[in-house]
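Data block for start-v8.pdb (PDB, C-alpha atoms and all ligand atoms):
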ATOM      1  CA  MET Y   1      99.327  92.909  43.469
ATOM      2  CA  THR Y   2      97.597  95.925  44.986
ATOM      3  CA  ALA Y   3      94.172  95.617  46.587
ATOM      4  CA  LYS Y   4      92.660  97.801  43.868
ATOM      5  CA  LYS Y   5      94.066  95.628  41.120
ATOM      6  CA  SER Y   6      92.842  92.342  42.655
ATOM      7  CA  LEU Y   7      89.443  93.844  43.287
ATOM      8  CA  SER Y   8      89.088  95.052  39.719
ATOM      9  CA  SER Y   9      89.674  91.463  38.541
ATOM     10  CA  ILE Y  10      86.224  90.568  39.857
ATOM     11  CA  LEU Y  11      84.483  93.527  38.237
ATOM     12  CA  VAL Y  12      81.311  92.730  36.335
ATOM     13  CA  SER Y  13      80.745  94.451  33.012
ATOM     14  CA  GLU Y  14      76.972  94.707  33.230
ATOM     15  CA  GLN Y  15      74.859  96.421  35.872
ATOM     16  CA  VAL Y  16      73.809  93.965  38.609
ATOM     17  CA  PRO Y  17      70.006  93.916  39.110
ATOM     18  CA  ALA Y  18      69.207  94.907  42.707
ATOM     19  CA  HIS Y  19      67.307  91.718  43.580
ATOM     20  CA  LEU Y  20      70.243  89.549  42.442
ATOM     21  CA  ALA Y  21      72.958  91.713  43.964
ATOM     22  CA  ARG Y  22      73.671  89.579  47.021
ATOM     23  CA  SER Y  23      74.003  86.280  45.136
ATOM     24  CA  VAL Y  24      76.000  87.796  42.253
ATOM     25  CA  ILE Y  25      78.442  89.478  44.648
ATOM     26  CA  GLU Y  26      78.715  86.347  46.776
ATOM     27  CA  GLU Y  27      79.451  84.174  43.717
ATOM     28  CA  LYS Y  28      82.006  86.622  42.247
ATOM     29  CA  LEU Y  29      83.892  86.929  45.531
ATOM     30  CA  ARG Y  30      83.669  83.211  46.196
ATOM     31  CA  SER Y  31      85.263  82.185  42.905
ATOM     32  CA  ALA Y  32      87.897  84.941  43.183
ATOM     33  CA  ILE Y  33      88.873  83.644  46.641
ATOM     34  CA  LEU Y  34      88.905  80.015  45.510
ATOM     35  CA  ASP Y  35      91.055  80.660  42.456
ATOM     36  CA  GLY Y  36      93.427  82.937  44.362
ATOM     37  CA  ARG Y  37      92.668  86.292  42.698
ATOM     38  CA  LEU Y  38      91.817  87.617  46.155
ATOM     39  CA  PRO Y  39      94.777  86.505  48.283
ATOM     40  CA  GLU Y  40      94.786  85.354  51.911
ATOM     41  CA  GLY Y  41      94.720  88.255  54.371
ATOM     42  CA  MET Y  42      93.259  90.771  51.936
ATOM     43  CA  ALA Y  43      90.661  93.032  53.571
ATOM     44  CA  LEU Y  44      87.299  93.358  51.809
ATOM     45  CA  ARG Y  45      85.696  96.689  52.610
ATOM     46  CA  GLN Y  46      81.941  97.035  52.316
ATOM     47  CA  GLN Y  47      81.980 100.537  50.862
ATOM     48  CA  GLU Y  48      84.654  99.709  48.293
ATOM     49  CA  LEU Y  49      82.697  96.665  47.094
ATOM     50  CA  ALA Y  50      79.413  98.589  47.044
ATOM     51  CA  THR Y  51      81.018 101.209  44.800
ATOM     52  CA  LEU Y  52      82.627  98.577  42.596
ATOM     53  CA  PHE Y  53      79.328  96.763  41.979
ATOM     54  CA  GLY Y  54      77.238  99.930  41.955
ATOM     55  CA  VAL Y  55      74.938  98.734  44.744
ATOM     56  CA  SER Y  56      74.100  99.758  48.309
ATOM     57  CA  ARG Y  57      76.053  98.332  51.242
ATOM     58  CA  MET Y  58      73.260  96.023  52.349
ATOM     59  CA  PRO Y  59      73.664  93.254  49.708
ATOM     60  CA  VAL Y  60      77.445  93.506  50.150
ATOM     61  CA  ARG Y  61      77.129  92.993  53.895
ATOM     62  CA  GLU Y  62      74.843  89.992  53.309
ATOM     63  CA  ALA Y  63      77.245  88.449  50.777
ATOM     64  CA  LEU Y  64      80.197  88.888  53.155
ATOM     65  CA  ARG Y  65      78.221  87.238  55.936
ATOM     66  CA  GLN Y  66      77.504  84.206  53.715
ATOM     67  CA  LEU Y  67      81.177  83.899  52.798
ATOM     68  CA  GLU Y  68      82.139  84.121  56.443
ATOM     69  CA  ALA Y  69      79.720  81.266  57.230
ATOM     70  CA  GLN Y  70      81.503  79.232  54.542
ATOM     71  CA  SER Y  71      84.860  79.965  56.246
ATOM     72  CA  LEU Y  72      86.103  81.828  53.186
ATOM     73  CA  LEU Y  73      86.333  85.083  55.129
ATOM     74  CA  ARG Y  74      87.004  85.835  58.739
ATOM     75  CA  VAL Y  75      86.490  88.978  60.727
ATOM     76  CA  VAL Y  76      89.664  90.532  62.100
ATOM     77  CA  MET Y  77      89.713  93.401  64.569
ATOM     78  CA  HIS Y  78      90.312  96.815  62.995
ATOM     79  CA  LYS Y  79      90.394  95.274  59.510
ATOM     80  CA  GLY Y  80      86.903  93.864  59.108
ATOM     81  CA  ALA Y  81      86.358  90.928  56.734
ATOM     82  CA  VAL Y  82      89.599  89.474  55.398
ATOM     83  CA  VAL Y  83      90.179  86.522  53.067
ATOM     84  CA  ALA Y  84      90.759  83.411  55.197
ATOM     85  CA  PRO Y  85      93.701  81.077  54.602
ATOM     86  CA  LEU Y  86      92.712  78.463  52.031
ATOM     87  CA  ILE Y  87      94.198  75.767  54.165
ATOM     88  CA  GLY Y  88      93.990  75.870  57.942
ATOM     89  CA  GLU Y  89      95.027  73.663  60.840
ATOM     90  CA  ASP Y  90      91.507  72.215  60.789
ATOM     91  CA  ALA Y  91      91.837  70.917  57.224
ATOM     92  CA  VAL Y  92      92.809  67.433  58.429
ATOM     93  CA  ASP Y  93      89.838  67.447  60.821
ATOM     94  CA  THR Y  94      87.594  68.159  57.853
ATOM     95  CA  TYR Y  95      88.771  64.942  56.202
ATOM     96  CA  LYS Y  96      88.406  62.922  59.424
ATOM     97  CA  LEU Y  97      84.851  64.187  59.730
ATOM     98  CA  ARG Y  98      84.129  63.457  56.083
ATOM     99  CA  LEU Y  99      85.387  59.923  56.658
ATOM    100  CA  LEU Y 100      82.892  59.349  59.472
ATOM    101  CA  LEU Y 101      79.937  60.998  57.779
ATOM    102  CA  GLU Y 102      80.476  59.775  54.245
ATOM    103  CA  THR Y 103      81.197  56.119  54.968
ATOM    104  CA  GLU Y 104      77.927  56.025  56.929
ATOM    105  CA  ALA Y 105      76.033  57.794  54.121
ATOM    106  CA  LEU Y 106      77.545  55.439  51.560
ATOM    107  CA  ARG Y 107      76.467  52.349  53.531
ATOM    108  CA  GLN Y 108      72.914  53.676  53.788
ATOM    109  CA  SER Y 109      72.815  54.858  50.201
ATOM    110  CA  ILE Y 110      74.161  51.922  48.146
ATOM    111  CA  PRO Y 111      71.098  49.623  48.436
ATOM    112  CA  HIS Y 112      68.827  52.439  47.217
ATOM    113  CA  LEU Y 113      70.895  53.900  44.370
ATOM    114  CA  THR Y 114      69.366  53.584  40.912
ATOM    115  CA  ALA Y 115      71.116  53.072  37.573
ATOM    116  CA  GLU Y 116      70.514  56.786  36.909
ATOM    117  CA  HIS Y 117      72.385  57.776  40.069
ATOM    118  CA  ILE Y 118      75.331  55.622  39.019
ATOM    119  CA  ALA Y 119      75.279  57.037  35.481
ATOM    120  CA  GLU Y 120      75.261  60.538  36.958
ATOM    121  CA  ALA Y 121      78.322  59.723  39.107
ATOM    122  CA  ARG Y 122      80.165  58.395  36.038
ATOM    123  CA  HIS Y 123      79.226  61.512  34.120
ATOM    124  CA  TYR Y 124      80.898  63.676  36.814
ATOM    125  CA  ILE Y 125      84.036  61.524  36.549
ATOM    126  CA  ASP Y 126      84.161  62.176  32.786
ATOM    127  CA  GLN Y 127      83.836  65.899  33.412
ATOM    128  CA  LEU Y 128      86.521  65.804  36.140
ATOM    129  CA  ASP Y 129      88.775  64.073  33.641
ATOM    130  CA  THR Y 130      88.647  66.908  31.114
ATOM    131  CA  GLU Y 131      88.112  69.987  33.339
ATOM    132  CA  THR Y 132      91.140  72.210  33.926
ATOM    133  CA  ASN Y 133      89.599  75.098  35.879
ATOM    134  CA  LEU Y 134      90.512  74.575  39.548
ATOM    135  CA  SER Y 135      87.359  75.952  41.161
ATOM    136  CA  GLU Y 136      85.258  73.959  38.699
ATOM    137  CA  LEU Y 137      87.161  70.799  39.713
ATOM    138  CA  GLY Y 138      86.177  71.447  43.333
ATOM    139  CA  ARG Y 139      82.543  71.811  42.422
ATOM    140  CA  LEU Y 140      82.511  68.643  40.298
ATOM    141  CA  ASN Y 141      84.280  66.656  43.039
ATOM    142  CA  ARG Y 142      81.601  67.758  45.504
ATOM    143  CA  LEU Y 143      78.780  66.799  43.117
ATOM    144  CA  PHE Y 144      80.428  63.445  42.366
ATOM    145  CA  HIS Y 145      80.634  62.478  46.035
ATOM    146  CA  LEU Y 146      77.112  63.713  46.777
ATOM    147  CA  SER Y 147      75.665  61.712  43.880
ATOM    148  CA  LEU Y 148      76.794  58.507  45.615
ATOM    149  CA  TYR Y 149      74.996  59.418  48.839
ATOM    150  CA  ALA Y 150      71.694  60.287  47.155
ATOM    151  CA  GLY Y 151      70.154  56.996  48.344
ATOM    152  CA  THR Y 152      70.252  57.878  52.022
ATOM    153  CA  SER Y 153      66.990  59.091  53.495
ATOM    154  CA  ASN Y 154      68.781  61.056  56.233
ATOM    155  CA  ARG Y 155      68.625  64.648  54.917
ATOM    156  CA  LYS Y 156      70.439  66.014  57.927
ATOM    157  CA  LEU Y 157      73.407  63.734  57.315
ATOM    158  CA  LEU Y 158      73.528  64.939  53.709
ATOM    159  CA  ARG Y 159      73.502  68.570  54.781
ATOM    160  CA  LEU Y 160      76.428  67.992  57.153
ATOM    161  CA  ILE Y 161      78.357  66.277  54.379
ATOM    162  CA  GLU Y 162      77.646  69.142  52.022
ATOM    163  CA  ASP Y 163      79.066  71.624  54.547
ATOM    164  CA  GLU Y 164      82.269  69.614  54.853
ATOM    165  CA  LEU Y 165      82.567  69.290  51.090
ATOM    166  CA  ASN Y 166      82.179  73.057  50.747
ATOM    167  CA  GLU Y 167      84.988  73.463  53.261
ATOM    168  CA  GLU Y 168      87.129  71.133  51.204
ATOM    169  CA  GLU Y 169      86.704  73.170  48.037
ATOM    170  CA  ARG Y 170      88.568  75.897  49.828
ATOM    171  CA  PHE Y 171      91.842  73.962  49.995
ATOM    172  CA  LEU Y 172      91.540  71.890  46.869
ATOM    173  CA  ARG Y 173      93.848  74.375  45.162
ATOM    174  CA  PHE Y 174      96.635  73.287  47.485
ATOM    175  CA  HIS Y 175      96.108  69.703  46.584
ATOM    176  CA  LEU Y 176      96.613  70.666  43.027
ATOM    177  CA  SER Y 177      99.054  73.512  42.803
ATOM    178  CA  ALA Y 178     100.851  74.409  46.046
ATOM    179  CA  MET Y 179     101.383  70.731  46.841
ATOM    180  CA  GLY Y 180     102.636  70.147  43.340
ATOM    181  CA  LEU Y 181     100.232  67.294  42.708
ATOM    182  CA  GLY Y 182      98.862  68.501  39.420
ATOM    183  CA  LYS Y 183      95.471  67.381  38.265
ATOM    184  CA  PRO Y 184      94.023  64.573  40.416
ATOM    185  CA  LYS Y 185      93.675  61.164  38.764
ATOM    186  CA  GLN Y 186      90.211  59.660  38.627
ATOM    187  CA  ASP Y 187      91.324  56.115  39.620
ATOM    188  CA  ASP Y 188      89.843  56.217  43.140
ATOM    189  CA  HIS Y 189      86.586  57.684  41.902
ATOM    190  CA  ILE Y 190      86.264  55.021  39.178
ATOM    191  CA  GLU Y 191      87.028  52.201  41.626
ATOM    192  CA  LEU Y 192      84.450  53.648  44.005
ATOM    193  CA  VAL Y 193      81.643  53.741  41.429
ATOM    194  CA  ASP Y 194      82.535  50.236  40.243
ATOM    195  CA  ALA Y 195      82.138  48.909  43.805
ATOM    196  CA  VAL Y 196      78.874  50.827  44.205
ATOM    197  CA  GLN Y 197      77.551  49.389  40.952
ATOM    198  CA  ASP Y 198      78.411  45.864  42.193
ATOM    199  CA  ARG Y 199      76.532  46.754  45.420
ATOM    200  CA  ASP Y 200      79.683  45.739  47.277
ATOM    201  CA  VAL Y 201      79.277  47.940  50.360
ATOM    202  CA  GLU Y 202      82.443  46.835  52.164
ATOM    203  CA  ARG Y 203      84.662  47.324  49.129
ATOM    204  CA  ALA Y 204      83.130  50.742  48.386
ATOM    205  CA  VAL Y 205      83.673  51.836  51.992
ATOM    206  CA  ARG Y 206      87.307  50.650  51.856
ATOM    207  CA  VAL Y 207      87.971  52.649  48.669
ATOM    208  CA  LEU Y 208      86.345  55.776  50.110
ATOM    209  CA  GLU Y 209      88.373  55.440  53.339
ATOM    210  CA  ARG Y 210      91.596  55.128  51.382
ATOM    211  CA  HIS Y 211      90.641  58.083  49.141
ATOM    212  CA  LEU Y 212      89.961  60.405  52.081
ATOM    213  CA  ASN Y 213      92.888  59.168  54.197
ATOM    214  CA  ASN Y 214      95.307  59.820  51.332
ATOM    215  CA  ALA Y 215      94.028  63.368  50.998
ATOM    216  CA  ALA Y 216      94.269  63.883  54.786
ATOM    217  CA  SER Y 217      97.872  62.699  54.946
ATOM    218  CA  THR Y 218      98.877  64.857  51.978
ATOM    219  CA  ILE Y 219      97.506  67.881  53.798
ATOM    220  CA  GLN Y 220      99.055  66.811  57.108
ATOM    221  CA  HIS Y 221     102.418  66.534  55.371
ATOM    222  CA  TYR Y 222     101.975  69.983  53.838
ATOM    223  CA  LEU Y 223     101.101  71.490  57.243
ATOM    224  CA  ASP Y 224     104.056  69.741  58.956
ATOM    225  CA  THR Y 225     106.613  70.986  56.440
ATOM    226  CA  ARG Y 226     105.095  74.473  56.440
ATOM    227  CA  ASP Y 227     105.368  74.670  60.251
ATOM    228  CA  THR Y 228     109.086  73.831  60.271
ATOM    229  CA  ASP Y 229     109.890  76.663  57.837
TER     230      ASP Y 229
HETATM  231 NI    NI D 301      87.116  62.759  45.673
END

Just give me the structure of the file as structure tokens.
Ligand code: NI
Amino acid sequence: MTAKKSLSSILVSEQVPAHLARSVIEEKLRSAILDGRLPEGMALRQQELATLFGVSRMPVREALRQLEAQSLLRVVMHKGAVVAPLIGEDAVDTYKLRLLLETEALRQSIPHLTAEHIAEARHYIDQLDTETNLSELGRLNRLFHLSLYAGTSNRKLLRLIEDELNEEERFLRFHLSAMGLGKPKQDDHIELVDAVQDRDVERAVRVLERHLNNAASTIQHYLDTRDTD
């Protein structure tokens, strides 16, 4: 696919209002990167995007900077901003970090979670069960996990977790398609909420550890086989 063709796939039909330009452009590019319409290594040029969206270069530059902060783009010499690989060598580290941060958040959170929090988590599981759009699955998975940590009073811990979960959305596609796993089953998530509802902290932590370790080893396996190609 040529660069022009992939870029036109993100075209918006209506004129973007100037004050919303940055967030609209950021969101359009973000979903196009996550669902693979903009492939790894593709250069995103400020002027080209500004013309495409009919805006000045400033909101485009801002949007690209946000996407770079989310590790979706990286800056390469002589090319400018290019689409980052969806799965990098640090993907396993992301899961190891999630394991540390999220088991701690879960421990702190469980005693303070209300019936509403638990109902909300179950609602996300139902949505995950029927959703087929890959980038939407990533978003719902993030919201599901965050809903279980809502009881912690440590805002900083939650922000760190959110960053890691955003990172994870980036390679969820590989979980699902490139790794040939298909749509993820909700068994772990259901077992996790059940343990949370029983206020069984140790069991909940064990399920979460298993859930994240399984994902980490799947990715490790993918990286190992890719490297020997
Ligand atoms: Ni999950």

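All residues, whether protein, DNA or RNA, that have an atom at most 8 Å from ligand NI 301 (chain D) (counting all atoms listed in the file) are Asn141, Arg142, Phe144, His145, Asp188, His189, His211 and Leu212 of chain Y.
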
Any chance you can output those residues with C-alpha atoms as a PDB file, in the coordinates of the input?
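This is the output file part12.pdb:
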ATOM      1  CA  ASN Y 141      84.280  66.656  43.039  1.00  0.00           C
ATOM      2  CA  ARG Y 142      81.601  67.758  45.504  1.00  0.00           C
ATOM      3  CA  PHE Y 144      80.428  63.445  42.366  1.00  0.00           C
ATOM      4  CA  HIS Y 145      80.634  62.478  46.035  1.00  0.00           C
ATOM      5  CA  ASP Y 188      89.843  56.217  43.140  1.00  0.00           C
ATOM      6  CA  HIS Y 189      86.586  57.684  41.902  1.00  0.00           C
ATOM      7  CA  HIS Y 211      90.641  58.083  49.141  1.00  0.00           C
ATOM      8  CA  LEU Y 212      89.961  60.405  52.081  1.00  0.00           C
TER       9      LEU Y 212
END

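Here CA of Thr132 in chain Y stands at a distance of 12.0 Å from CA of Asp35 in chain Y.
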
Residues selected by the PyMOL selection byres (((chain Y and resi 101) around 12) and not hetatm), written as a VMD selection string: chain Y and resid 94 to 100 102 to 108 145 to 146 149 152 154 156 to 165 205 208 to 209 212

Those same residues, written as a compact mmCIF listing (two decimals), in the coordinates of the input with C-alpha atoms?
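Writing done, so here's again.txt:
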# COMPACT_ATOMS: atom_id res chain seq x y z
CA THR Y 94 87.59 68.16 57.85
CA TYR Y 95 88.77 64.94 56.20
CA LYS Y 96 88.41 62.92 59.42
CA LEU Y 97 84.85 64.19 59.73
CA ARG Y 98 84.13 63.46 56.08
CA LEU Y 99 85.39 59.92 56.66
CA LEU Y 100 82.89 59.35 59.47
CA GLU Y 102 80.48 59.78 54.24
CA THR Y 103 81.20 56.12 54.97
CA GLU Y 104 77.93 56.02 56.93
CA ALA Y 105 76.03 57.79 54.12
CA LEU Y 106 77.54 55.44 51.56
CA ARG Y 107 76.47 52.35 53.53
CA GLN Y 108 72.91 53.68 53.79
CA HIS Y 145 80.63 62.48 46.04
CA LEU Y 146 77.11 63.71 46.78
CA TYR Y 149 75.00 59.42 48.84
CA THR Y 152 70.25 57.88 52.02
CA ASN Y 154 68.78 61.06 56.23
CA LYS Y 156 70.44 66.01 57.93
CA LEU Y 157 73.41 63.73 57.32
CA LEU Y 158 73.53 64.94 53.71
CA ARG Y 159 73.50 68.57 54.78
CA LEU Y 160 76.43 67.99 57.15
CA ILE Y 161 78.36 66.28 54.38
CA GLU Y 162 77.65 69.14 52.02
CA ASP Y 163 79.07 71.62 54.55
CA GLU Y 164 82.27 69.61 54.85
CA LEU Y 165 82.57 69.29 51.09
CA VAL Y 205 83.67 51.84 51.99
CA LEU Y 208 86.34 55.78 50.11
CA GLU Y 209 88.37 55.44 53.34
CA LEU Y 212 89.96 60.40 52.08

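Interatomic distance, CA of Gly138 in chain Y against CA of Arg203 in chain Y: 24.9 Å.
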
Surrounding residues of range 117-130 of chain Y excluding itself and chain neighbours under 6 positions, 9 Å, all atoms listed in the file, as a PyMOL selection string: chain Y and resi 136-137+140-141+143-148+150-151+183-186+189-190+193+196-197

Nearby residues (all atoms listed in the file) at most 12 Å from Arg61 in chain Y, same-chain spacing under 3 positions excluded, as a ChimeraX atom specification: /Y:21-23,25-26,44-50,55-58,64-68,80-81

Residues matched by the PyMOL selection byres (((chain Y and resi 30) around 10) and not hetatm), written as a PyMOL selection string: chain Y and resi 24-29+31-36+38+63-64+66-67+70+72-73+135+170

Let's have the selection written as a CSV table (one decimal), in the frame of the given file, with C-alpha atoms.
chain,number,residue,atom,x,y,z
Y,24,VAL,CA,76.0,87.8,42.3
Y,25,ILE,CA,78.4,89.5,44.6
Y,26,GLU,CA,78.7,86.3,46.8
Y,27,GLU,CA,79.5,84.2,43.7
Y,28,LYS,CA,82.0,86.6,42.2
Y,29,LEU,CA,83.9,86.9,45.5
Y,31,SER,CA,85.3,82.2,42.9
Y,32,ALA,CA,87.9,84.9,43.2
Y,33,ILE,CA,88.9,83.6,46.6
Y,34,LEU,CA,88.9,80.0,45.5
Y,35,ASP,CA,91.1,80.7,42.5
Y,36,GLY,CA,93.4,82.9,44.4
Y,38,LEU,CA,91.8,87.6,46.2
Y,63,ALA,CA,77.2,88.4,50.8
Y,64,LEU,CA,80.2,88.9,53.2
Y,66,GLN,CA,77.5,84.2,53.7
Y,67,LEU,CA,81.2,83.9,52.8
Y,70,GLN,CA,81.5,79.2,54.5
Y,72,LEU,CA,86.1,81.8,53.2
Y,73,LEU,CA,86.3,85.1,55.1
Y,135,SER,CA,87.4,76.0,41.2
Y,170,ARG,CA,88.6,75.9,49.8

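Here, the PyMOL selection byres (((chain Y and resi 84) around 9) and not hetatm) matches Ile33, Pro39, Glu40, Gly41, Met42, Glu68, Ser71, Leu72, Leu73, Arg74, Val75, Ala81, Val82, Val83, Pro85, Leu86, Ile87 and Gly88 of chain Y.
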
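The space separating CA of Glu202 in chain Y from CA of His221 in chain Y comes to 28.2 Å.
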
Can you report as AutoDock Vina command-line options the centre and edge lengths in Å, to one decimal, of an axis-aligned box around the listed atoms of range 60-63 of chain Y padded with 3 Å on each side?
--center_x 76.1 --center_y 91.0 --center_z 52.0 --size_x 8.6 --size_y 11.1 --size_z 9.7

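Nearest to Val60 in chain Y of all the residues Y:Ile219, Y:Ala204, Y:Ala195, Y:Leu20 is Y:Leu20, based on all atoms listed in the file.
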